[in-house]
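To be precise, the following lines are target-v4.pdb, and they hold PDB, C-alpha atoms, pLDDT in the B column.
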```pdb
ATOM      1  CA  MET A  10     -13.661 -10.861   8.748  1.00 55.00           C
ATOM      2  CA  LYS A  11     -10.591 -10.327   6.617  1.00 88.00           C
ATOM      3  CA  ARG A  12      -7.417 -12.096   7.740  1.00 95.00           C
ATOM      4  CA  ILE A  13      -4.342  -9.946   7.094  1.00 97.00           C
ATOM      5  CA  TYR A  14      -0.644 -10.762   7.130  1.00 98.00           C
ATOM      6  CA  ILE A  15       1.724  -7.954   8.168  1.00 98.00           C
ATOM      7  CA  PRO A  16       5.370  -9.072   7.816  1.00 98.00           C
ATOM      8  CA  GLY A  17       7.922  -8.117  10.461  1.00 95.00           C
ATOM      9  CA  ASP A  18       8.033  -7.807  14.239  1.00 94.00           C
ATOM     10  CA  PRO A  19       4.467  -7.186  15.537  1.00 94.00           C
ATOM     11  CA  GLU A  20       5.823  -4.863  18.226  1.00 95.00           C
ATOM     12  CA  ARG A  21       7.593  -2.687  15.663  1.00 95.00           C
ATOM     13  CA  PHE A  22       4.424  -2.490  13.576  1.00 96.00           C
ATOM     14  CA  ARG A  23       1.904  -2.383  16.421  1.00 96.00           C
ATOM     15  CA  ASN A  24       0.169   0.708  14.971  1.00 95.00           C
ATOM     16  CA  TYR A  25      -0.759  -1.284  11.876  1.00 96.00           C
ATOM     17  CA  HIS A  26      -1.930  -4.280  13.900  1.00 97.00           C
ATOM     18  CA  ARG A  27      -4.063  -2.099  16.148  1.00 95.00           C
ATOM     19  CA  CYS A  28      -5.659  -0.291  13.236  1.00 95.00           C
ATOM     20  CA  VAL A  29      -6.482  -3.530  11.403  1.00 96.00           C
ATOM     21  CA  GLU A  30      -8.024  -5.002  14.543  1.00 95.00           C
ATOM     22  CA  ARG A  31      -9.915  -1.800  15.374  1.00 93.00           C
ATOM     23  CA  CYS A  32     -11.457  -1.918  11.899  1.00 93.00           C
ATOM     24  CA  GLY A  33     -12.619  -5.516  12.278  1.00 93.00           C
ATOM     25  CA  GLY A  34      -9.696  -7.440  10.821  1.00 95.00           C
ATOM     26  CA  LEU A  35      -7.503 -10.150  12.247  1.00 96.00           C
ATOM     27  CA  CYS A  36      -3.699 -10.273  11.916  1.00 97.00           C
ATOM     28  CA  VAL A  37      -2.592 -13.827  11.117  1.00 97.00           C
ATOM     29  CA  ASP A  38       0.342 -15.724   9.593  1.00 97.00           C
ATOM     30  CA  ALA A  39       1.073 -15.634   5.877  1.00 97.00           C
ATOM     31  CA  GLU A  40      -0.282 -19.102   5.168  1.00 96.00           C
ATOM     32  CA  SER A  41      -3.794 -18.403   6.468  1.00 96.00           C
ATOM     33  CA  ALA A  42      -4.015 -14.755   5.372  1.00 97.00           C
ATOM     34  CA  GLU A  43      -6.508 -13.524   2.816  1.00 95.00           C
ATOM     35  CA  ALA A  44      -4.566 -10.350   2.109  1.00 95.00           C
ATOM     36  CA  LEU A  45      -1.143  -8.742   2.584  1.00 97.00           C
ATOM     37  CA  LEU A  46      -0.226  -5.403   4.154  1.00 98.00           C
ATOM     38  CA  LEU A  47       3.281  -4.088   3.478  1.00 98.00           C
ATOM     39  CA  PRO A  48       4.079  -1.478   6.178  1.00 98.00           C
ATOM     40  CA  GLY A  49       6.440   1.491   6.311  1.00 96.00           C
ATOM     41  CA  GLY A  50      10.109   1.414   7.199  1.00 94.00           C
ATOM     42  CA  GLY A  51      13.531   1.860   5.597  1.00 93.00           C
ATOM     43  CA  ASP A  52      14.452   2.192   1.945  1.00 95.00           C
ATOM     44  CA  VAL A  53      14.495  -0.321  -0.907  1.00 96.00           C
ATOM     45  CA  GLU A  54      17.979  -1.274  -2.088  1.00 96.00           C
ATOM     46  CA  PRO A  55      18.692   0.950  -5.123  1.00 96.00           C
ATOM     47  CA  TRP A  56      20.368  -1.812  -7.110  1.00 97.00           C
ATOM     48  CA  ARG A  57      16.907  -3.291  -7.484  1.00 97.00           C
ATOM     49  CA  TYR A  58      16.004  -0.369  -9.739  1.00 96.00           C
ATOM     50  CA  GLY A  59      19.405   0.001 -11.395  1.00 96.00           C
ATOM     51  CA  GLU A  60      21.018   2.734  -9.267  1.00 95.00           C
ATOM     52  CA  GLU A  61      23.839   3.117  -6.768  1.00 93.00           C
ATOM     53  CA  ASN A  62      23.035   3.986  -3.165  1.00 93.00           C
ATOM     54  CA  ARG A  63      23.175   7.778  -2.835  1.00 90.00           C
ATOM     55  CA  ALA A  64      20.812   8.455   0.078  1.00 82.00           C
ATOM     56  CA  CYS A  65      19.253   5.183   1.226  1.00 86.00           C
ATOM     57  CA  ASN A  66      18.901   3.555   4.646  1.00 87.00           C
ATOM     58  CA  VAL A  67      18.280   0.057   3.322  1.00 92.00           C
ATOM     59  CA  GLU A  68      16.651  -3.056   4.784  1.00 91.00           C
ATOM     60  CA  PRO A  69      17.896  -5.843   2.466  1.00 91.00           C
ATOM     61  CA  GLY A  70      16.279  -8.695   4.380  1.00 93.00           C
ATOM     62  CA  ARG A  71      12.878  -7.030   4.148  1.00 96.00           C
ATOM     63  CA  ASP A  72      13.280  -6.432   0.416  1.00 97.00           C
ATOM     64  CA  GLU A  73      13.871 -10.110  -0.234  1.00 97.00           C
ATOM     65  CA  GLU A  74      11.010 -11.239   1.994  1.00 97.00           C
ATOM     66  CA  GLU A  75       8.485  -8.703   0.701  1.00 98.00           C
ATOM     67  CA  PHE A  76       9.280  -9.379  -2.966  1.00 98.00           C
ATOM     68  CA  ARG A  77       8.715 -13.075  -2.260  1.00 98.00           C
ATOM     69  CA  LEU A  78       5.438 -12.312  -0.485  1.00 98.00           C
ATOM     70  CA  LEU A  79       4.254 -10.241  -3.442  1.00 98.00           C
ATOM     71  CA  ASP A  80       4.947 -13.224  -5.716  1.00 98.00           C
ATOM     72  CA  THR A  81       2.897 -15.487  -3.455  1.00 98.00           C
ATOM     73  CA  PHE A  82      -0.090 -13.222  -2.769  1.00 97.00           C
ATOM     74  CA  LEU A  83      -0.444 -11.846  -6.293  1.00 97.00           C
ATOM     75  CA  ASP A  84      -0.154 -15.324  -7.845  1.00 97.00           C
ATOM     76  CA  ALA A  85      -3.073 -16.295  -5.575  1.00 96.00           C
ATOM     77  CA  GLY A  86      -5.084 -13.207  -6.560  1.00 93.00           C
ATOM     78  CA  LYS A  87      -5.085 -11.878  -2.992  1.00 94.00           C
ATOM     79  CA  PRO A  88      -5.304  -8.108  -2.284  1.00 94.00           C
ATOM     80  CA  VAL A  89      -2.234  -6.120  -1.260  1.00 96.00           C
ATOM     81  CA  LEU A  90      -2.137  -2.829   0.635  1.00 97.00           C
ATOM     82  CA  GLY A  91       1.189  -0.959   0.638  1.00 98.00           C
ATOM     83  CA  ILE A  92       1.888   1.922   3.024  1.00 98.00           C
ATOM     84  CA  CYS A  93       4.829   4.344   2.629  1.00 96.00           C
ATOM     85  CA  ARG A  94       7.786   1.961   2.112  1.00 97.00           C
ATOM     86  CA  GLY A  95       5.164  -0.564   0.987  1.00 98.00           C
ATOM     87  CA  LEU A  96       4.234   1.675  -1.964  1.00 98.00           C
ATOM     88  CA  GLN A  97       7.895   1.986  -2.912  1.00 97.00           C
ATOM     89  CA  VAL A  98       8.423  -1.776  -2.696  1.00 98.00           C
ATOM     90  CA  ILE A  99       5.424  -2.344  -4.969  1.00 98.00           C
ATOM     91  CA  ASN A 100       6.625   0.220  -7.500  1.00 98.00           C
ATOM     92  CA  VAL A 101      10.104  -1.324  -7.660  1.00 98.00           C
ATOM     93  CA  TYR A 102       8.646  -4.854  -7.778  1.00 98.00           C
ATOM     94  CA  PHE A 103       6.879  -3.923 -11.018  1.00 98.00           C
ATOM     95  CA  GLY A 104      10.021  -2.396 -12.531  1.00 98.00           C
ATOM     96  CA  GLY A 105       9.614   1.209 -11.422  1.00 98.00           C
ATOM     97  CA  THR A 106      12.250   3.530  -9.978  1.00 98.00           C
ATOM     98  CA  LEU A 107      12.502   5.901  -7.009  1.00 97.00           C
ATOM     99  CA  ASP A 108      13.863   9.363  -6.305  1.00 94.00           C
ATOM    100  CA  GLN A 109      16.301   8.592  -3.497  1.00 95.00           C
ATOM    101  CA  ASP A 110      15.946  11.875  -1.625  1.00 91.00           C
ATOM    102  CA  ILE A 111      13.289  14.570  -2.014  1.00 90.00           C
ATOM    103  CA  PRO A 112      12.619  17.742  -0.001  1.00 89.00           C
ATOM    104  CA  GLY A 113       9.486  18.678   1.890  1.00 79.00           C
ATOM    105  CA  HIS A 114       7.992  15.284   2.769  1.00 87.00           C
ATOM    106  CA  SER A 115       9.995  13.912   5.715  1.00 84.00           C
ATOM    107  CA  GLN A 116       9.032  14.317   9.362  1.00 86.00           C
ATOM    108  CA  VAL A 117       9.906  17.545  11.167  1.00 85.00           C
ATOM    109  CA  GLU A 118      11.216  17.075  14.709  1.00 83.00           C
ATOM    110  CA  GLY A 119       9.680  13.615  14.821  1.00 82.00           C
ATOM    111  CA  ARG A 120       6.235  14.712  13.651  1.00 88.00           C
ATOM    112  CA  ASP A 121       4.518  13.993  10.334  1.00 90.00           C
ATOM    113  CA  ARG A 122       4.077  16.851   7.906  1.00 85.00           C
ATOM    114  CA  ARG A 123       0.582  17.581   6.603  1.00 90.00           C
ATOM    115  CA  HIS A 124      -0.263  18.643   3.055  1.00 92.00           C
ATOM    116  CA  LEU A 125      -3.130  18.666   0.584  1.00 95.00           C
ATOM    117  CA  THR A 126      -3.429  16.136  -2.216  1.00 95.00           C
ATOM    118  CA  GLY A 127      -5.607  15.718  -5.269  1.00 97.00           C
ATOM    119  CA  ILE A 128      -7.278  12.379  -6.019  1.00 97.00           C
ATOM    120  CA  GLY A 129      -8.184  10.900  -9.403  1.00 95.00           C
ATOM    121  CA  PRO A 130     -10.862   8.256 -10.103  1.00 91.00           C
ATOM    122  CA  CYS A 131     -10.228   5.319  -7.755  1.00 91.00           C
ATOM    123  CA  VAL A 132     -11.330   3.871  -4.410  1.00 89.00           C
ATOM    124  CA  LEU A 133      -9.777   6.840  -2.572  1.00 94.00           C
ATOM    125  CA  ARG A 134     -11.955   9.311  -4.449  1.00 94.00           C
ATOM    126  CA  THR A 135     -14.983   7.245  -3.430  1.00 92.00           C
ATOM    127  CA  LEU A 136     -13.841   7.383   0.197  1.00 93.00           C
ATOM    128  CA  TYR A 137     -12.557  10.963   0.436  1.00 95.00           C
ATOM    129  CA  GLY A 138     -13.653  12.966  -2.573  1.00 95.00           C
ATOM    130  CA  GLY A 139     -11.324  14.795  -4.955  1.00 96.00           C
ATOM    131  CA  GLU A 140      -9.070  16.383  -2.339  1.00 96.00           C
ATOM    132  CA  MET A 141      -7.760  15.399   1.076  1.00 95.00           C
ATOM    133  CA  GLU A 142      -5.070  16.285   3.579  1.00 94.00           C
ATOM    134  CA  VAL A 143      -2.568  13.518   4.270  1.00 95.00           C
ATOM    135  CA  ASN A 144       0.328  13.024   6.647  1.00 92.00           C
ATOM    136  CA  SER A 145       3.838  12.714   5.258  1.00 91.00           C
ATOM    137  CA  ALA A 146       6.927  10.990   6.698  1.00 90.00           C
ATOM    138  CA  HIS A 147       9.128   9.910   3.784  1.00 89.00           C
ATOM    139  CA  HIS A 148      12.223  11.139   1.955  1.00 91.00           C
ATOM    140  CA  GLN A 149      11.830   9.025  -1.201  1.00 93.00           C
ATOM    141  CA  ALA A 150       9.144   8.934  -3.876  1.00 95.00           C
ATOM    142  CA  VAL A 151       8.111   7.319  -7.133  1.00 98.00           C
ATOM    143  CA  LYS A 152      10.194   8.484 -10.091  1.00 97.00           C
ATOM    144  CA  ARG A 153       9.139   6.126 -12.894  1.00 98.00           C
ATOM    145  CA  LEU A 154       5.977   4.080 -12.469  1.00 98.00           C
ATOM    146  CA  GLY A 155       6.241   0.309 -12.572  1.00 98.00           C
ATOM    147  CA  SER A 156       4.517  -1.725 -15.264  1.00 98.00           C
ATOM    148  CA  GLY A 157       0.723  -1.847 -14.859  1.00 97.00           C
ATOM    149  CA  LEU A 158       0.652   0.718 -12.073  1.00 98.00           C
ATOM    150  CA  ARG A 159      -1.374   3.925 -12.234  1.00 97.00           C
ATOM    151  CA  ALA A 160      -0.918   6.994 -10.049  1.00 98.00           C
ATOM    152  CA  VAL A 161      -4.233   8.146  -8.550  1.00 97.00           C
ATOM    153  CA  GLN A 162      -3.221  10.712  -5.906  1.00 97.00           C
ATOM    154  CA  TRP A 163      -0.655  13.526  -5.979  1.00 97.00           C
ATOM    155  CA  ALA A 164       0.773  16.138  -3.638  1.00 96.00           C
ATOM    156  CA  GLU A 165       0.822  19.751  -4.815  1.00 93.00           C
ATOM    157  CA  ASP A 166       4.484  19.381  -5.822  1.00 94.00           C
ATOM    158  CA  GLY A 167       3.638  16.395  -8.042  1.00 95.00           C
ATOM    159  CA  VAL A 168       4.843  13.622  -5.714  1.00 95.00           C
ATOM    160  CA  VAL A 169       2.769  10.467  -6.190  1.00 98.00           C
ATOM    161  CA  GLU A 170       0.746   9.739  -3.048  1.00 97.00           C
ATOM    162  CA  ALA A 171      -1.161   6.609  -4.152  1.00 98.00           C
ATOM    163  CA  LEU A 172      -1.057   3.865  -6.767  1.00 97.00           C
ATOM    164  CA  VAL A 173      -3.367   1.164  -8.022  1.00 96.00           C
ATOM    165  CA  HIS A 174      -2.627  -1.676 -10.460  1.00 96.00           C
ATOM    166  CA  ARG A 175      -4.536  -2.190 -13.674  1.00 94.00           C
ATOM    167  CA  ARG A 176      -4.673  -5.976 -13.237  1.00 93.00           C
ATOM    168  CA  TYR A 177      -3.992  -6.922  -9.626  1.00 94.00           C
ATOM    169  CA  PRO A 178      -6.001  -5.929  -6.486  1.00 93.00           C
ATOM    170  CA  ILE A 179      -3.354  -3.508  -5.232  1.00 95.00           C
ATOM    171  CA  LEU A 180      -3.745  -0.214  -3.409  1.00 96.00           C
ATOM    172  CA  ALA A 181      -0.567   1.578  -2.300  1.00 97.00           C
ATOM    173  CA  LEU A 182      -0.341   4.786  -0.267  1.00 98.00           C
ATOM    174  CA  GLN A 183       2.677   6.997   0.329  1.00 97.00           C
ATOM    175  CA  TRP A 184       0.983   8.420   3.458  1.00 97.00           C
ATOM    176  CA  HIS A 185       0.166   6.732   6.773  1.00 96.00           C
ATOM    177  CA  PRO A 186      -3.544   6.003   7.355  1.00 96.00           C
ATOM    178  CA  GLU A 187      -2.729   4.037  10.512  1.00 95.00           C
ATOM    179  CA  ARG A 188      -1.686   7.367  12.075  1.00 93.00           C
ATOM    180  CA  LEU A 189      -4.772   9.291  10.914  1.00 91.00           C
ATOM    181  CA  GLU A 190      -7.451   8.420  13.455  1.00 83.00           C
ATOM    182  CA  GLY A 191     -10.929   8.430  11.979  1.00 85.00           C
ATOM    183  CA  SER A 192     -10.238   9.321   8.360  1.00 91.00           C
ATOM    184  CA  GLY A 193      -7.410   6.821   7.942  1.00 91.00           C
ATOM    185  CA  GLU A 194      -9.636   4.000   9.073  1.00 94.00           C
ATOM    186  CA  ARG A 195     -11.766   4.383   5.937  1.00 94.00           C
ATOM    187  CA  VAL A 196      -8.924   2.888   3.914  1.00 94.00           C
ATOM    188  CA  PHE A 197      -8.548  -0.062   6.262  1.00 94.00           C
ATOM    189  CA  ARG A 198     -12.283  -0.750   6.301  1.00 93.00           C
ATOM    190  CA  ALA A 199     -12.423  -0.678   2.493  1.00 91.00           C
ATOM    191  CA  PHE A 200      -9.414  -2.997   2.289  1.00 92.00           C
ATOM    192  CA  LEU A 201     -10.816  -5.367   4.890  1.00 91.00           C
ATOM    193  CA  GLY A 202     -14.005  -5.496   2.839  1.00 85.00           C
ATOM    194  CA  GLY A 203     -11.966  -6.792  -0.074  1.00 70.00           C
ATOM    195  CA  LEU A 204     -12.341  -3.516  -2.017  1.00 57.00           C
ATOM    196  CA  LYS A 205     -15.413  -5.098  -3.615  1.00 51.00           C
ATOM    197  CA  LYS A 206     -17.960  -2.479  -2.624  1.00 44.00           C
ATOM    198  CA  VAL A 207     -15.969   0.409  -4.099  1.00 43.00           C
ATOM    199  CA  LYS A 208     -14.290   0.738  -7.477  1.00 49.00           C
ATOM    200  CA  ILE A 209     -10.505   0.397  -7.155  1.00 51.00           C
ATOM    201  CA  PHE A 210      -9.430   1.516 -10.638  1.00 44.00           C
TER     202      PHE A 210
END
```
As a first step, turn the structure in this file into structure tokens.
Amino acid sequence: MKRIYIPGDPERFRNYHRCVERCGGLCVDAESAEALLLPGGGDVEPWRYGEENRACNVEPGRDEEEFRLLDTFLDAGKPVLGICRGLQVINVYFGGTLDQDIPGHSQVEGRDRRHLTGIGPCVLRTLYGGEMEVNSAHHQAVKRLGSGLRAVQWAEDGVVEALVHRRYPILALQWHPERLEGSGERVFRAFLGGLKKVKIF
């Protein structure tokens, strides 16, 4: 069983906790965790990638905590899964930048959008093939990739939908697998298995 740490209020992130547990994992504290899951939420402070705030709803406390957690887990060689905001945090952590406001990817009347994506060689292609439909609920996206990161999934308009790292055991998704019953669980099961049975890069 893989022990996962999900920072933040468990009630706020109950969807993530339920999905991890449904897929055979256990949500624990940071000290005893074997892996880290960075969940969705507000925006990364733009000063962290050299810009002024033009369209961001920031969560400064989370930025500081999650950057520190990335230091700790990556130094220990432990896997990291980033989802939505989590992908953006990871990209900025490695020196990348973000588009602060993009059209066509945010929720509509409180419901996720759906769109097709293409997938390059990576764990996702092993799990889903070369094309899949994802859910979308974000207004920001990767602009410049961080050091060592590689885009492996794209929306039809070119927005990056997933990243992996060339050195570290990182998988980051711009979409929300915890809200895709059935198909989304494939990602969690692969992550809980340590990503050892499928090729990540």
For CA of Gly70 (chain A) and CA of Arg23 (chain A), the interatomic separation in Å (one decimal): 19.8 Å
Point (-11.6, 7.1, -0.7), cut-off 12 Å, counting only C-alpha atoms, residues as number ranges by chain: A: 127-141, 161-162, 171, 180, 182, 186, 192-200, 204, 206-210
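For the set A:Tyr14, A:Tyr177, A:Phe76, A:Phe103, the residue with the smallest atom-to-atom gap to Ala39 (chain A) is A:Tyr14, counting all atoms listed in the file.
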Among listed residues A:Leu201, A:Ala150, A:Ile179, A:Ala64, nearest Phe82 (chain A) (using all atoms listed in the file): A:Ile179
Find the smallest box with edges along x, y and z containing every listed atom of region 168-174 of chain A, then add 8 Å on each side and report centre and edge lengths in Å to one decimal, as lines of an AutoDock Vina configuration file.
```
center_x = 0.7
center_y = 6.0
center_z = -6.8
size_x = 24.2
size_y = 31.3
size_z = 23.4
```
Given all atoms listed in the file as the counted atoms, nearest of A:Ala181, A:Ile13, A:Val53, A:Cys28 to Glu73 (chain A): A:Val53
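Compared by their closest atoms to Gly167 (chain A), and using all atoms listed in the file, the residues A:Gln97, A:Thr126, A:Gln109, A:Thr81 rank with A:Thr126 nearest.
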Answer key for the PyMOL selection byres ((chain A and resi 175) around 9), residues as an MDAnalysis selection string: chainID A and resid 157:159 173:174 176:179 210
Quick check on the file I pasted: which residues fall under the PyMOL selection byres ((chain A and resi 33) around 8)? Write them as an mmCIF file with C-alpha atoms, in the coordinates of the input.
```cif
data_model
loop_
_atom_site.group_PDB
_atom_site.id
_atom_site.type_symbol
_atom_site.label_atom_id
_atom_site.label_comp_id
_atom_site.auth_asym_id
_atom_site.auth_seq_id
_atom_site.Cartn_x
_atom_site.Cartn_y
_atom_site.Cartn_z
ATOM 1 C CA MET A 10 -13.661 -10.861 8.748
ATOM 2 C CA LYS A 11 -10.591 -10.327 6.617
ATOM 3 C CA VAL A 29 -6.482 -3.530 11.403
ATOM 4 C CA GLU A 30 -8.024 -5.002 14.543
ATOM 5 C CA ARG A 31 -9.915 -1.800 15.374
ATOM 6 C CA CYS A 32 -11.457 -1.918 11.899
ATOM 7 C CA GLY A 34 -9.696 -7.440 10.821
ATOM 8 C CA LEU A 35 -7.503 -10.150 12.247
ATOM 9 C CA ARG A 198 -12.283 -0.750 6.301
ATOM 10 C CA LEU A 201 -10.816 -5.367 4.890
#
```
Mind completing region 116-133 of chain A with N, CA and C atoms? Output as a PDB file, in the coordinates of the input, please?
```
ATOM      1  N   GLN A 116       9.516  13.791   8.081  1.00 86.00           N
ATOM      2  CA  GLN A 116       9.032  14.317   9.362  1.00 86.00           C
ATOM      3  C   GLN A 116       9.844  15.541   9.785  1.00 86.00           C
ATOM      4  N   VAL A 117       9.234  16.376  10.601  1.00 85.00           N
ATOM      5  CA  VAL A 117       9.906  17.545  11.167  1.00 85.00           C
ATOM      6  C   VAL A 117       9.895  17.392  12.683  1.00 85.00           C
ATOM      7  N   GLU A 118      11.080  17.267  13.261  1.00 83.00           N
ATOM      8  CA  GLU A 118      11.216  17.075  14.709  1.00 83.00           C
ATOM      9  C   GLU A 118      10.351  15.921  15.206  1.00 83.00           C
ATOM     10  N   GLY A 119      10.383  14.823  14.430  1.00 82.00           N
ATOM     11  CA  GLY A 119       9.680  13.615  14.821  1.00 82.00           C
ATOM     12  C   GLY A 119       8.183  13.612  14.577  1.00 82.00           C
ATOM     13  N   ARG A 120       7.675  14.630  13.913  1.00 88.00           N
ATOM     14  CA  ARG A 120       6.235  14.712  13.651  1.00 88.00           C
ATOM     15  C   ARG A 120       5.970  14.723  12.149  1.00 88.00           C
ATOM     16  N   ASP A 121       4.890  14.028  11.748  1.00 90.00           N
ATOM     17  CA  ASP A 121       4.518  13.993  10.334  1.00 90.00           C
ATOM     18  C   ASP A 121       4.194  15.387   9.821  1.00 90.00           C
ATOM     19  N   ARG A 122       4.560  15.654   8.584  1.00 85.00           N
ATOM     20  CA  ARG A 122       4.077  16.851   7.906  1.00 85.00           C
ATOM     21  C   ARG A 122       2.640  16.610   7.464  1.00 85.00           C
ATOM     22  N   ARG A 123       1.927  17.668   7.168  1.00 90.00           N
ATOM     23  CA  ARG A 123       0.582  17.581   6.603  1.00 90.00           C
ATOM     24  C   ARG A 123       0.540  18.407   5.321  1.00 90.00           C
ATOM     25  N   HIS A 124      -0.100  17.867   4.276  1.00 92.00           N
ATOM     26  CA  HIS A 124      -0.263  18.643   3.055  1.00 92.00           C
ATOM     27  C   HIS A 124      -1.471  18.145   2.270  1.00 92.00           C
ATOM     28  N   LEU A 125      -1.981  19.005   1.412  1.00 95.00           N
ATOM     29  CA  LEU A 125      -3.130  18.666   0.584  1.00 95.00           C
ATOM     30  C   LEU A 125      -2.719  17.812  -0.602  1.00 95.00           C
ATOM     31  N   THR A 126      -3.637  16.954  -1.027  1.00 95.00           N
ATOM     32  CA  THR A 126      -3.429  16.136  -2.216  1.00 95.00           C
ATOM     33  C   THR A 126      -4.685  16.150  -3.071  1.00 95.00           C
ATOM     34  N   GLY A 127      -4.488  15.916  -4.359  1.00 97.00           N
ATOM     35  CA  GLY A 127      -5.607  15.718  -5.269  1.00 97.00           C
ATOM     36  C   GLY A 127      -5.755  14.244  -5.591  1.00 97.00           C
ATOM     37  N   ILE A 128      -6.989  13.804  -5.809  1.00 97.00           N
ATOM     38  CA  ILE A 128      -7.278  12.379  -6.019  1.00 97.00           C
ATOM     39  C   ILE A 128      -8.013  12.194  -7.338  1.00 97.00           C
ATOM     40  N   GLY A 129      -7.512  11.260  -8.167  1.00 95.00           N
ATOM     41  CA  GLY A 129      -8.184  10.900  -9.403  1.00 95.00           C
ATOM     42  C   GLY A 129      -9.204   9.793  -9.175  1.00 95.00           C
ATOM     43  N   PRO A 130      -9.856   9.313 -10.242  1.00 91.00           N
ATOM     44  CA  PRO A 130     -10.862   8.256 -10.103  1.00 91.00           C
ATOM     45  C   PRO A 130     -10.250   6.963  -9.550  1.00 91.00           C
ATOM     46  N   CYS A 131     -10.713   6.535  -8.408  1.00 91.00           N
ATOM     47  CA  CYS A 131     -10.228   5.319  -7.755  1.00 91.00           C
ATOM     48  C   CYS A 131     -10.995   5.157  -6.450  1.00 91.00           C
ATOM     49  N   VAL A 132     -10.672   4.123  -5.687  1.00 89.00           N
ATOM     50  CA  VAL A 132     -11.330   3.871  -4.410  1.00 89.00           C
ATOM     51  C   VAL A 132     -11.170   5.051  -3.455  1.00 89.00           C
ATOM     52  N   LEU A 133     -10.011   5.719  -3.492  1.00 94.00           N
ATOM     53  CA  LEU A 133      -9.777   6.840  -2.572  1.00 94.00           C
ATOM     54  C   LEU A 133     -10.730   7.998  -2.846  1.00 94.00           C
TER      55      LEU A 133
END
```
